[in-house]
$ cat input_4.pdb   # PDB, C-alpha atoms and all ligand atoms
MODEL        1
ATOM      1  CA  MET A1057      -8.712  30.783  -7.463
ATOM      2  CA  ALA A1058      -5.473  28.896  -6.685
ATOM      3  CA  GLU A1059      -2.326  30.995  -6.298
ATOM      4  CA  SER A1060      -0.351  28.958  -8.812
ATOM      5  CA  GLY A1061       3.204  28.121  -7.805
ATOM      6  CA  ILE A1062       2.867  29.124  -4.144
ATOM      7  CA  LEU A1063       3.826  25.559  -3.103
ATOM      8  CA  HIS A1064       6.447  25.123  -5.836
ATOM      9  CA  GLY A1065       9.376  22.989  -4.615
ATOM     10  CA  GLN A1066       7.330  21.426  -1.834
ATOM     11  CA  VAL A1067       6.887  17.652  -1.631
ATOM     12  CA  ALA A1068       3.512  16.462  -0.350
ATOM     13  CA  VAL A1069       2.571  12.973   0.810
ATOM     14  CA  VAL A1070      -1.176  12.469   0.375
ATOM     15  CA  THR A1071      -2.639   9.281   1.834
ATOM     16  CA  GLY A1072      -5.947   8.222   0.336
ATOM     17  CA  GLY A1073      -4.724  10.066  -2.747
ATOM     18  CA  GLY A1074      -6.586   7.735  -5.115
ATOM     19  CA  SER A1075     -10.056   8.823  -4.086
ATOM     20  CA  GLY A1076     -12.374  11.459  -2.669
ATOM     21  CA  ILE A1077     -10.873  14.126  -0.432
ATOM     22  CA  GLY A1078      -7.312  12.835  -0.886
ATOM     23  CA  ARG A1079      -7.542  13.010  -4.666
ATOM     24  CA  ALA A1080      -9.020  16.518  -4.493
ATOM     25  CA  VAL A1081      -6.277  17.671  -2.089
ATOM     26  CA  ALA A1082      -3.590  16.288  -4.429
ATOM     27  CA  GLU A1083      -5.147  18.175  -7.346
ATOM     28  CA  SER A1084      -5.266  21.421  -5.379
ATOM     29  CA  LEU A1085      -1.694  21.042  -4.092
ATOM     30  CA  SER A1086      -0.485  20.250  -7.605
ATOM     31  CA  GLU A1087      -2.283  23.345  -8.973
ATOM     32  CA  ARG A1088      -0.189  25.331  -6.508
ATOM     33  CA  GLY A1089       3.030  23.680  -7.682
ATOM     34  CA  ALA A1090       3.622  20.879  -5.141
ATOM     35  CA  THR A1091       5.042  17.494  -6.119
ATOM     36  CA  CYS A1092       2.789  14.727  -4.778
ATOM     37  CA  VAL A1093       3.442  11.239  -3.429
ATOM     38  CA  LEU A1094       0.100   9.466  -3.640
ATOM     39  CA  VAL A1095      -0.500   6.627  -1.196
ATOM     40  CA  GLY A1096      -3.463   4.256  -1.091
ATOM     41  CA  LEU A1097      -4.584   0.675  -1.457
ATOM     42  CA  ARG A1098      -5.352   0.461  -5.189
ATOM     43  CA  SER A1099      -2.624   1.406  -7.641
ATOM     44  CA  SER A1100      -5.178   1.880 -10.462
ATOM     45  CA  LYS A1101      -6.906   4.666  -8.505
ATOM     46  CA  LEU A1102      -3.593   6.297  -7.598
ATOM     47  CA  GLU A1103      -2.568   6.256 -11.270
ATOM     48  CA  GLU A1104      -5.867   7.917 -12.221
ATOM     49  CA  THR A1105      -5.117  10.736  -9.781
ATOM     50  CA  ALA A1106      -1.514  11.040 -10.984
ATOM     51  CA  ALA A1107      -2.695  11.348 -14.595
ATOM     52  CA  GLY A1108      -4.776  14.396 -13.675
ATOM     53  CA  LEU A1109      -2.040  16.335 -11.885
ATOM     54  CA  SER A1110      -0.109  19.177 -13.453
ATOM     55  CA  THR A1111       3.102  18.456 -11.491
ATOM     56  CA  SER A1112       5.213  15.308 -11.204
ATOM     57  CA  SER A1113       4.079  12.621  -8.789
ATOM     58  CA  THR A1114       4.892   9.185  -7.426
ATOM     59  CA  THR A1115       2.358   6.508  -6.547
ATOM     60  CA  LEU A1116       2.745   3.969  -3.768
ATOM     61  CA  ALA A1117       0.139   1.251  -3.248
ATOM     62  CA  VAL A1118       0.386   0.000   0.335
ATOM     63  CA  ASP A1119      -1.943  -1.026   3.121
ATOM     64  CA  LEU A1120      -1.250   1.602   5.766
ATOM     65  CA  ARG A1121      -2.499  -0.801   8.452
ATOM     66  CA  ASP A1122       0.678  -2.796   7.829
ATOM     67  CA  PRO A1123       3.215  -1.778  10.517
ATOM     68  CA  ALA A1124       5.950  -1.585   7.859
ATOM     69  CA  ALA A1125       3.970   0.730   5.555
ATOM     70  CA  ALA A1126       4.771   4.073   7.193
ATOM     71  CA  GLY A1127       8.504   3.457   6.907
ATOM     72  CA  MET A1128       8.064   2.529   3.238
ATOM     73  CA  VAL A1129       6.165   5.760   2.554
ATOM     74  CA  VAL A1130       8.853   7.897   4.195
ATOM     75  CA  ASP A1131      11.755   6.022   2.584
ATOM     76  CA  THR A1132      10.160   6.091  -0.890
ATOM     77  CA  THR A1133       9.482   9.818  -0.613
ATOM     78  CA  LEU A1134      12.942  10.732   0.634
ATOM     79  CA  THR A1135      14.659   8.486  -1.925
ATOM     80  CA  GLY A1136      12.578   9.821  -4.805
ATOM     81  CA  HIS A1137      12.252  13.482  -3.854
ATOM     82  CA  GLY A1138      14.753  14.198  -1.075
ATOM     83  CA  ARG A1139      12.355  15.887   1.352
ATOM     84  CA  ILE A1140       8.881  15.879   2.892
ATOM     85  CA  ASP A1141       7.178  19.256   3.337
ATOM     86  CA  LEU A1142       3.538  18.277   3.659
ATOM     87  CA  ILE A1143       1.591  15.238   4.781
ATOM     88  CA  VAL A1144      -2.164  15.028   4.338
ATOM     89  CA  HIS A1145      -3.610  11.982   6.105
ATOM     90  CA  SER A1146      -6.775  11.296   4.120
ATOM     91  CA  ALA A1147      -6.753   7.476   4.063
ATOM     92  CA  GLY A1148      -9.676   6.228   6.085
ATOM     93  CA  VAL A1149     -12.813   4.146   6.197
ATOM     94  CA  PHE A1150     -16.363   4.741   7.384
ATOM     95  CA  ALA A1151     -18.680   1.982   8.596
ATOM     96  CA  GLN A1152     -21.536   1.932  11.070
ATOM     97  CA  ARG A1153     -22.577  -0.662  13.606
ATOM     98  CA  ALA A1154     -24.302  -0.448  16.995
ATOM     99  CA  VAL A1155     -21.877  -0.497  19.903
ATOM    100  CA  SER A1156     -23.631  -3.669  21.124
ATOM    101  CA  ASP A1157     -22.496  -5.363  17.864
ATOM    102  CA  THR A1158     -19.006  -3.820  17.738
ATOM    103  CA  ASP A1159     -16.666  -6.763  18.030
ATOM    104  CA  ARG A1160     -12.898  -6.521  18.043
ATOM    105  CA  GLU A1161     -12.564  -7.151  14.294
ATOM    106  CA  PHE A1162     -14.974  -4.323  13.404
ATOM    107  CA  TRP A1163     -13.287  -1.936  15.859
ATOM    108  CA  ASP A1164      -9.787  -2.716  14.599
ATOM    109  CA  GLY A1165     -10.913  -2.438  10.964
ATOM    110  CA  ILE A1166     -11.764   1.218  11.571
ATOM    111  CA  VAL A1167      -9.326   2.312  14.259
ATOM    112  CA  ASP A1168      -6.251   0.734  12.648
ATOM    113  CA  ILE A1169      -6.486   2.849   9.498
ATOM    114  CA  ASN A1170      -8.218   5.991  10.786
ATOM    115  CA  LEU A1171      -6.134   6.481  13.925
ATOM    116  CA  ARG A1172      -3.216   4.084  14.345
ATOM    117  CA  ALA A1173      -1.905   4.561  10.776
ATOM    118  CA  THR A1174      -2.089   8.339  11.232
ATOM    119  CA  VAL A1175       0.084   8.166  14.345
ATOM    120  CA  GLU A1176       2.554   5.799  12.758
ATOM    121  CA  LEU A1177       3.130   7.806   9.567
ATOM    122  CA  SER A1178       3.347  11.070  11.527
ATOM    123  CA  ARG A1179       5.926   9.551  13.863
ATOM    124  CA  ARG A1180       8.059   8.152  11.054
ATOM    125  CA  ALA A1181       7.919  11.374   9.016
ATOM    126  CA  TRP A1182       8.556  13.735  11.960
ATOM    127  CA  PRO A1183      12.371  14.061  11.474
ATOM    128  CA  ALA A1184      11.907  14.913   7.786
ATOM    129  CA  LEU A1185       9.144  17.388   8.640
ATOM    130  CA  ARG A1186      11.368  19.001  11.275
ATOM    131  CA  GLU A1187      14.077  19.333   8.649
ATOM    132  CA  SER A1188      11.731  21.083   6.194
ATOM    133  CA  ASN A1189       9.668  23.067   8.755
ATOM    134  CA  GLY A1190       6.833  21.071   7.293
ATOM    135  CA  GLN A1191       3.091  20.842   7.805
ATOM    136  CA  VAL A1192       0.666  18.027   8.562
ATOM    137  CA  VAL A1193      -3.073  17.858   7.898
ATOM    138  CA  LEU A1194      -5.218  15.371   9.801
ATOM    139  CA  ILE A1195      -8.709  14.615   8.543
ATOM    140  CA  SER A1196     -10.968  14.068  11.527
ATOM    141  CA  SER A1197     -14.754  14.424  11.161
ATOM    142  CA  ILE A1198     -17.783  16.190  12.524
ATOM    143  CA  ALA A1199     -18.365  12.786  14.154
ATOM    144  CA  ALA A1200     -15.591  13.712  16.580
ATOM    145  CA  VAL A1201     -17.905  16.258  18.198
ATOM    146  CA  GLN A1202     -21.434  15.235  17.180
ATOM    147  CA  ALA A1203     -22.905  11.814  17.979
ATOM    148  CA  PHE A1204     -24.769   9.741  15.376
ATOM    149  CA  PRO A1205     -26.238   6.271  16.081
ATOM    150  CA  GLY A1206     -23.982   3.531  14.698
ATOM    151  CA  ASP A1207     -20.866   5.701  14.787
ATOM    152  CA  GLY A1208     -19.265   4.240  17.937
ATOM    153  CA  ALA A1209     -16.017   2.980  16.402
ATOM    154  CA  TYR A1210     -15.874   5.668  13.697
ATOM    155  CA  ALA A1211     -16.573   8.553  16.102
ATOM    156  CA  ALA A1212     -14.048   7.194  18.606
ATOM    157  CA  SER A1213     -11.414   6.981  15.857
ATOM    158  CA  LYS A1214     -12.135  10.519  14.658
ATOM    159  CA  ALA A1215     -12.273  12.001  18.169
ATOM    160  CA  GLY A1216      -8.896  10.327  18.609
ATOM    161  CA  VAL A1217      -7.607  11.961  15.420
ATOM    162  CA  LYS A1218      -8.812  15.378  16.584
ATOM    163  CA  ALA A1219      -7.150  14.971  19.991
ATOM    164  CA  LEU A1220      -3.985  13.666  18.356
ATOM    165  CA  GLY A1221      -3.904  16.628  15.990
ATOM    166  CA  GLU A1222      -4.225  19.125  18.832
ATOM    167  CA  VAL A1223      -1.382  17.496  20.753
ATOM    168  CA  MET A1224       0.779  17.278  17.611
ATOM    169  CA  ALA A1225       0.109  20.974  16.948
ATOM    170  CA  LEU A1226       1.522  21.881  20.358
ATOM    171  CA  GLU A1227       4.495  19.530  20.064
ATOM    172  CA  GLY A1228       5.107  20.688  16.505
ATOM    173  CA  ARG A1229       5.628  24.307  17.564
ATOM    174  CA  GLN A1230       9.028  23.607  19.089
ATOM    175  CA  ASP A1231      10.063  21.657  15.975
ATOM    176  CA  GLY A1232       8.807  24.221  13.447
ATOM    177  CA  ILE A1233       6.024  21.914  12.234
ATOM    178  CA  ARG A1234       2.458  23.194  11.798
ATOM    179  CA  VAL A1235      -0.352  20.674  12.308
ATOM    180  CA  ILE A1236      -3.865  21.419  11.054
ATOM    181  CA  THR A1237      -6.921  19.290  11.858
ATOM    182  CA  ILE A1238      -9.986  19.424   9.612
ATOM    183  CA  CYS A1239     -13.347  18.135  10.866
ATOM    184  CA  PRO A1240     -15.646  17.852   7.852
ATOM    185  CA  ALA A1241     -19.325  17.025   7.834
ATOM    186  CA  GLN A1242     -20.583  15.267   4.702
ATOM    187  CA  VAL A1243     -18.453  15.412   1.537
ATOM    188  CA  ASP A1244     -19.707  13.670  -1.620
ATOM    189  CA  THR A1245     -17.034  11.007  -2.110
ATOM    190  CA  PRO A1246     -17.015   7.229  -2.734
ATOM    191  CA  LEU A1247     -17.132   6.831   1.058
ATOM    192  CA  TRP A1248     -20.924   7.322   0.669
ATOM    193  CA  ASP A1249     -21.367   4.714  -2.090
ATOM    194  CA  GLY A1250     -24.349   2.570  -1.125
ATOM    195  CA  LYS A1251     -24.878   4.626   2.061
ATOM    196  CA  ALA A1252     -26.709   7.741   0.820
ATOM    197  CA  PRO A1253     -29.119   8.341  -2.068
ATOM    198  CA  ASP A1254     -28.161  10.645  -4.964
ATOM    199  CA  GLU A1255     -30.392  13.538  -3.834
ATOM    200  CA  VAL A1256     -28.712  13.536  -0.407
ATOM    201  CA  ARG A1257     -25.237  13.320  -1.939
ATOM    202  CA  ALA A1258     -26.055  16.277  -4.184
ATOM    203  CA  ARG A1259     -26.396  18.453  -1.042
ATOM    204  CA  MET A1260     -23.029  17.391   0.386
ATOM    205  CA  MET A1261     -19.833  19.443   0.060
ATOM    206  CA  ARG A1262     -17.875  18.982  -3.179
ATOM    207  CA  PRO A1263     -14.503  17.250  -2.752
ATOM    208  CA  HIS A1264     -12.683  19.847  -4.896
ATOM    209  CA  ALA A1265     -13.966  22.631  -2.605
ATOM    210  CA  VAL A1266     -12.583  20.797   0.426
ATOM    211  CA  GLY A1267      -9.288  20.096  -1.361
ATOM    212  CA  ASP A1268      -9.021  23.752  -2.296
ATOM    213  CA  LEU A1269      -9.665  24.835   1.305
ATOM    214  CA  ILE A1270      -6.964  22.505   2.640
ATOM    215  CA  ALA A1271      -4.393  23.611   0.060
ATOM    216  CA  SER A1272      -5.249  27.251   0.798
ATOM    217  CA  LEU A1273      -4.737  26.724   4.537
ATOM    218  CA  LEU A1274      -1.356  25.105   3.861
ATOM    219  CA  ALA A1275      -0.344  28.198   1.883
ATOM    220  CA  THR A1276      -1.203  30.648   4.685
ATOM    221  CA  ASP A1277       1.361  32.611   6.652
ATOM    222  CA  ARG A1278       3.155  30.405   9.161
ATOM    223  CA  GLY A1279       2.672  33.052  11.799
ATOM    224  CA  ILE A1280      -0.908  31.804  12.069
ATOM    225  CA  ASP A1281      -1.704  28.788  14.251
ATOM    226  CA  ILE A1282      -4.813  27.075  12.889
ATOM    227  CA  LEU A1283      -7.109  25.420  15.436
ATOM    228  CA  PRO A1284      -9.344  22.463  14.410
ATOM    229  CA  VAL A1285     -11.474  23.593  11.475
ATOM    230  CA  MET A1286     -15.132  22.484  11.371
ATOM    231  CA  ILE A1287     -16.712  22.550   7.927
ATOM    232  CA  ARG A1288     -20.219  21.570   6.829
ATOM    233  CA  PRO A1289     -22.638  22.072   3.945
ATOM    234  CA  PRO A1290     -24.935  25.096   4.309
ATOM    235  CA  VAL A1291     -27.940  22.784   4.777
ATOM    236  CA  ASP A1292     -28.045  19.346   6.389
ATOM    237  CA  PRO A1293     -27.951  16.993   3.366
ATOM    238  CA  TRP A1294     -30.239  14.523   5.148
ATOM    239  CA  GLN A1295     -32.982  17.125   5.733
ATOM    240  CA  ALA A1296     -35.322  17.712   2.800
ATOM    241  CA  PRO A1297     -34.987  21.385   1.685
TER     242      PRO A1297
HETATM  243  N1  LIG B1301     -16.662  11.974   2.833
HETATM  244  C1  LIG B1301     -17.078  12.471   4.009
HETATM  245  O1  LIG B1301     -18.262  12.834   4.186
HETATM  246  C2  LIG B1301     -16.108  12.611   5.147
HETATM  247  C3  LIG B1301     -16.490  13.394   6.249
HETATM  248  C4  LIG B1301     -15.622  13.520   7.322
HETATM  249  C5  LIG B1301     -14.399  12.892   7.293
HETATM  250  N2  LIG B1301     -14.056  12.129   6.216
HETATM  251  C6  LIG B1301     -12.769  11.453   6.242
HETATM  252  O2  LIG B1301     -12.011  11.854   5.135
HETATM  253  C7  LIG B1301     -11.061  10.844   4.815
HETATM  254  C8  LIG B1301     -11.140  10.568   3.315
HETATM  255  O3  LIG B1301     -12.403  10.021   3.041
HETATM  256  P1  LIG B1301     -13.112  10.144   1.621
HETATM  257  O4  LIG B1301     -14.441  10.709   1.862
HETATM  258  O5  LIG B1301     -12.210  10.796   0.652
HETATM  259  O6  LIG B1301     -13.342   8.603   1.297
HETATM  260  P2  LIG B1301     -12.832   7.686   0.086
HETATM  261  O7  LIG B1301     -13.129   8.339  -1.208
HETATM  262  O8  LIG B1301     -13.416   6.338   0.366
HETATM  263  O9  LIG B1301     -11.259   7.640   0.273
HETATM  264  C9  LIG B1301     -10.647   6.897   1.276
HETATM  265  C10 LIG B1301      -9.223   6.618   0.845
HETATM  266  O10 LIG B1301      -8.557   5.884   1.882
HETATM  267  C11 LIG B1301      -7.777   4.875   1.275
HETATM  268  N3  LIG B1301      -7.599   3.778   2.223
HETATM  269  C12 LIG B1301      -8.561   3.115   2.932
HETATM  270  N4  LIG B1301      -8.012   2.136   3.663
HETATM  271  C13 LIG B1301      -6.669   2.184   3.422
HETATM  272  C14 LIG B1301      -5.570   1.409   3.879
HETATM  273  N5  LIG B1301      -5.732   0.392   4.754
HETATM  274  N6  LIG B1301      -4.345   1.709   3.413
HETATM  275  C15 LIG B1301      -4.172   2.717   2.536
HETATM  276  N7  LIG B1301      -5.174   3.485   2.065
HETATM  277  C16 LIG B1301      -6.408   3.208   2.514
HETATM  278  C17 LIG B1301      -8.582   4.424   0.073
HETATM  279  O11 LIG B1301      -7.728   3.789  -0.856
HETATM  280  P3  LIG B1301      -8.330   2.986  -2.139
HETATM  281  O12 LIG B1301      -9.146   3.997  -2.907
HETATM  282  O13 LIG B1301      -7.154   2.519  -2.877
HETATM  283  O14 LIG B1301      -9.186   1.902  -1.564
HETATM  284  C18 LIG B1301      -9.128   5.770  -0.423
HETATM  285  O15 LIG B1301      -8.203   6.377  -1.291
HETATM  286  C19 LIG B1301     -11.426   9.635   5.687
HETATM  287  O16 LIG B1301     -10.577   9.609   6.801
HETATM  288  C20 LIG B1301     -12.837   9.942   6.134
HETATM  289  O17 LIG B1301     -13.147   9.358   7.370
HETATM  290  C21 LIG B1301     -14.874  11.980   5.136
ENDMDL
END
$ encode --input "input_4.pdb" --output "structure tokens"
Amino acid sequence: MAESGILHGQVAVVTGGGSGIGRAVAESLSERGATCVLVGLRSSKLEETAAGLSTSSTTLAVDLRDPAAAGMVVDTTLTGHGRIDLIVHSAGVFAQRAVSDTDREFWDGIVDINLRATVELSRRAWPALRESNGQVVLISSIAAVQAFPGDGAYAASKAGVKALGEVMALEGRQDGIRVITICPAQVDTPLWDGKAPDEVRARMMRPHAVGDLIASLLATDRGIDILPVMIRPPVDPWQAP
């Protein structure tokens, strides 16, 4: 059960806030009183999320692969809300291709959003986070530590996110910023559309449960350093029960 109001007064930037894990995180942060800035590609999806929140929010439709996007996110948030307390980097894509077929375009299509955009927004928001003693959540993946065929570019991007998060956590200590990395296995979100049958998706983790976990971690005592968190469904969704 959410401790309502525990994040009251905090301003959270949630990338990928129009869908899946990002939407669920925004809902859970809002339940705890945070104001949300929802960032993603499609404004219609961001508006859908905003309509379901119990606190005020702002939507910003941008392509985070654009080098100018991170600055826009930070400027829009500071202009509209005056501070940034939390950033949850949930924007990302998942696609599979054998390494032997991984050309530059395919690689960049994954790494640019999953890894490069995460670095860029973190870098641009760092002064505001230092000011607020803020917190950052990076969404890596189980693919960072467990190999699956076809995951070359995706796994490399997510291993990069995990490594980045661990370095940021150390660097954040001296600036009063806590950085938490989450490495989920399968979560039933639109990321799996066309990639997994319904019976497999039914055994995946629920997005709202993951959102609730992330919001709960953000509300924990700041005297606790949180190392990368691995989460998975109790049974492998791809194995018949
Ligand atoms: N679902 C899983 O099983 C799972 C497991 C481990 C890790 N993850 C990671 O969790 C994160 C969220 O995934 P999800 O499952 O919630 O998938 P999702 O429902 O497909 O959400 C992905 C979000 O990223 C946004 N996005 C994609 N490219 C973008 C870009 N260039 N600029 C701005 N926004 C962009 C999308 O915006 P639009 O909706 O507007 O297109 C969407 O809101 C991803 O990093 C994914 O790799 C997911």
$ resolve_selection --input "input_4.pdb" --expression "the PyMOL selection byres (((chain A and resi 1146) around 6) and not hetatm)" --output "list in words"
Thr1071, Gly1072, Gly1078, Val1144, His1145, Ala1147 and Ile1195 of chain A
$ residues_near_ligand --input "input_4.pdb" --ligand "ligand LIG 1301 (chain B)" --cutoff "8 Å" --atoms "all atoms listed in the file" --output "PDB file with C-alpha atoms, keeping the file's coordinate frame"
ATOM      1  CA  THR A1071      -2.639   9.281   1.834  1.00  0.00           C
ATOM      2  CA  GLY A1072      -5.947   8.222   0.336  1.00  0.00           C
ATOM      3  CA  GLY A1073      -4.724  10.066  -2.747  1.00  0.00           C
ATOM      4  CA  GLY A1074      -6.586   7.735  -5.115  1.00  0.00           C
ATOM      5  CA  SER A1075     -10.056   8.823  -4.086  1.00  0.00           C
ATOM      6  CA  GLY A1076     -12.374  11.459  -2.669  1.00  0.00           C
ATOM      7  CA  ILE A1077     -10.873  14.126  -0.432  1.00  0.00           C
ATOM      8  CA  GLY A1078      -7.312  12.835  -0.886  1.00  0.00           C
ATOM      9  CA  ARG A1079      -7.542  13.010  -4.666  1.00  0.00           C
ATOM     10  CA  VAL A1095      -0.500   6.627  -1.196  1.00  0.00           C
ATOM     11  CA  GLY A1096      -3.463   4.256  -1.091  1.00  0.00           C
ATOM     12  CA  LEU A1097      -4.584   0.675  -1.457  1.00  0.00           C
ATOM     13  CA  ARG A1098      -5.352   0.461  -5.189  1.00  0.00           C
ATOM     14  CA  SER A1099      -2.624   1.406  -7.641  1.00  0.00           C
ATOM     15  CA  SER A1100      -5.178   1.880 -10.462  1.00  0.00           C
ATOM     16  CA  LYS A1101      -6.906   4.666  -8.505  1.00  0.00           C
ATOM     17  CA  LEU A1102      -3.593   6.297  -7.598  1.00  0.00           C
ATOM     18  CA  ALA A1117       0.139   1.251  -3.248  1.00  0.00           C
ATOM     19  CA  VAL A1118       0.386   0.000   0.335  1.00  0.00           C
ATOM     20  CA  ASP A1119      -1.943  -1.026   3.121  1.00  0.00           C
ATOM     21  CA  LEU A1120      -1.250   1.602   5.766  1.00  0.00           C
ATOM     22  CA  ARG A1121      -2.499  -0.801   8.452  1.00  0.00           C
ATOM     23  CA  ASP A1122       0.678  -2.796   7.829  1.00  0.00           C
ATOM     24  CA  HIS A1145      -3.610  11.982   6.105  1.00  0.00           C
ATOM     25  CA  SER A1146      -6.775  11.296   4.120  1.00  0.00           C
ATOM     26  CA  ALA A1147      -6.753   7.476   4.063  1.00  0.00           C
ATOM     27  CA  GLY A1148      -9.676   6.228   6.085  1.00  0.00           C
ATOM     28  CA  VAL A1149     -12.813   4.146   6.197  1.00  0.00           C
ATOM     29  CA  PHE A1150     -16.363   4.741   7.384  1.00  0.00           C
ATOM     30  CA  ASP A1168      -6.251   0.734  12.648  1.00  0.00           C
ATOM     31  CA  ILE A1169      -6.486   2.849   9.498  1.00  0.00           C
ATOM     32  CA  ASN A1170      -8.218   5.991  10.786  1.00  0.00           C
ATOM     33  CA  ILE A1195      -8.709  14.615   8.543  1.00  0.00           C
ATOM     34  CA  SER A1196     -10.968  14.068  11.527  1.00  0.00           C
ATOM     35  CA  SER A1197     -14.754  14.424  11.161  1.00  0.00           C
ATOM     36  CA  ILE A1198     -17.783  16.190  12.524  1.00  0.00           C
ATOM     37  CA  ALA A1199     -18.365  12.786  14.154  1.00  0.00           C
ATOM     38  CA  TYR A1210     -15.874   5.668  13.697  1.00  0.00           C
ATOM     39  CA  LYS A1214     -12.135  10.519  14.658  1.00  0.00           C
ATOM     40  CA  CYS A1239     -13.347  18.135  10.866  1.00  0.00           C
ATOM     41  CA  PRO A1240     -15.646  17.852   7.852  1.00  0.00           C
ATOM     42  CA  ALA A1241     -19.325  17.025   7.834  1.00  0.00           C
ATOM     43  CA  GLN A1242     -20.583  15.267   4.702  1.00  0.00           C
ATOM     44  CA  VAL A1243     -18.453  15.412   1.537  1.00  0.00           C
ATOM     45  CA  ASP A1244     -19.707  13.670  -1.620  1.00  0.00           C
ATOM     46  CA  THR A1245     -17.034  11.007  -2.110  1.00  0.00           C
ATOM     47  CA  PRO A1246     -17.015   7.229  -2.734  1.00  0.00           C
ATOM     48  CA  LEU A1247     -17.132   6.831   1.058  1.00  0.00           C
ATOM     49  CA  TRP A1248     -20.924   7.322   0.669  1.00  0.00           C
ATOM     50  CA  MET A1260     -23.029  17.391   0.386  1.00  0.00           C
ATOM     51  CA  MET A1261     -19.833  19.443   0.060  1.00  0.00           C
ATOM     52  CA  PRO A1263     -14.503  17.250  -2.752  1.00  0.00           C
TER      53      PRO A1263
END
$ atom_distance --input "input_4.pdb" --atom1 "CA of Ala1068 in chain A" --atom2 "CA of Ile1143 in chain A"
5.6 Å
$ resolve_selection --input "input_4.pdb" --expression "the PyMOL selection byres (((chain A and resi 1282) around 10) and not hetatm)" --output "list of chain:residue names"
A:Glu1222, A:Ala1225, A:Arg1234, A:Val1235, A:Ile1236, A:Thr1237, A:Ile1238, A:Leu1273, A:Leu1274, A:Thr1276, A:Arg1278, A:Gly1279, A:Ile1280, A:Asp1281, A:Leu1283, A:Pro1284, A:Val1285
$ atom_distance --input "input_4.pdb" --atom1 "CA of Gly1206 in chain A" --atom2 "CA of Arg1153 in chain A"
4.6 Å
$ atom_distance --input "input_4.pdb" --atom1 "CA of Glu1187 in chain A" --atom2 "CA of Gly1232 in chain A"
8.6 Å
$ resolve_selection --input "input_4.pdb" --expression "the PyMOL selection byres (((chain A and resi 1164) around 12) and not hetatm)" --output "list in words"
Arg1121, Val1149, Ala1151, Thr1158, Asp1159, Arg1160, Glu1161, Phe1162, Trp1163, Gly1165, Ile1166, Val1167, Asp1168, Ile1169, Asn1170, Leu1171, Arg1172, Ala1173, Ala1209, Tyr1210, Ala1212 and Ser1213 of chain A
$ closest_residue --input "input_4.pdb" --among "A:Leu1094, A:Gly1065, A:Asp1249, A:Val1175" --to "Pro1123 in chain A" --atoms "all atoms listed in the file"
A:Val1175
$ closest_residue --input "input_4.pdb" --among "A:Trp1294, A:Gly1221, A:Glu1059, A:Thr1115" --to "Lys1251 in chain A" --atoms "all atoms listed in the file"
A:Trp1294
$ axis_aligned_box --input "input_4.pdb" --around "range 1144-1147 of chain A" --padding-each-side "8 Å" --output "JSON"
{"center_x": -4.5, "center_y": 11.3, "center_z": 5.1, "size_x": 20.6, "size_y": 23.6, "size_z": 18.0}
$ closest_residue --input "input_4.pdb" --among "A:Leu1194, A:Ile1062, A:Ala1200, A:Ala1184" --to "Arg1139 in chain A" --atoms "only C-alpha atoms"
A:Ala1184
$ closest_residue --input "input_4.pdb" --among "A:Val1093, A:Gln1066, A:Arg1288, A:Ile1140" --to "Pro1183 in chain A" --atoms "all atoms listed in the file"
A:Ile1140
$ closest_residue --input "input_4.pdb" --among "A:Asn1189, A:Ala1106, A:Gly1136, A:Gly1089" --to "Gln1230 in chain A" --atoms "only C-alpha atoms"
A:Asn1189
$ residues_around --input "input_4.pdb" --residues "Ala1296 in chain A" --least-positions-apart "6" --cutoff "12 Å" --atoms "only C-alpha atoms" --output "compact mmCIF listing (two decimals) with C-alpha atoms, keeping the file's coordinate frame"
# COMPACT_ATOMS: atom_id res chain seq x y z
CA GLU A 1255 -30.39 13.54 -3.83
CA VAL A 1256 -28.71 13.54 -0.41
CA ARG A 1257 -25.24 13.32 -1.94
CA ALA A 1258 -26.06 16.28 -4.18
CA ARG A 1259 -26.40 18.45 -1.04
$ residues_around --input "input_4.pdb" --residues "Arg1186 in chain A" --least-positions-apart "6" --cutoff "9 Å" --atoms "all atoms listed in the file" --output "PyMOL selection string"
chain A and resi 1141+1228+1231-1233
$ write_last_selection --input "input_4.pdb" --atoms "C-alpha atoms" --output "compact mmCIF listing (two decimals), keeping the file's coordinate frame"
# COMPACT_ATOMS: atom_id res chain seq x y z
CA ASP A 1141 7.18 19.26 3.34
CA GLY A 1228 5.11 20.69 16.50
CA ASP A 1231 10.06 21.66 15.98
CA GLY A 1232 8.81 24.22 13.45
CA ILE A 1233 6.02 21.91 12.23
$ decode --input "input_4.pdb" --residues "range 1270-1283 of chain A" --atoms "C-alpha atoms" --output "tab-separated table (two decimals), in the first residue's frame"
chain	number	residue	atom	x	y	z
A	1270	ILE	CA	10.51	1.76	-7.76
A	1271	ALA	CA	8.44	4.42	-5.99
A	1272	SER	CA	8.88	2.56	-2.70
A	1273	LEU	CA	12.66	2.44	-3.15
A	1274	LEU	CA	12.71	6.19	-3.85
A	1275	ALA	CA	10.87	6.76	-0.57
A	1276	THR	CA	13.37	4.78	1.53
A	1277	ASP	CA	15.73	6.34	4.04
A	1278	ARG	CA	18.61	8.10	2.31
A	1279	GLY	CA	21.02	6.47	4.70
A	1280	ILE	CA	20.63	3.33	2.59
A	1281	ASP	CA	22.71	2.91	-0.57
A	1282	ILE	CA	20.83	0.65	-2.98
A	1283	LEU	CA	22.93	-1.61	-5.21
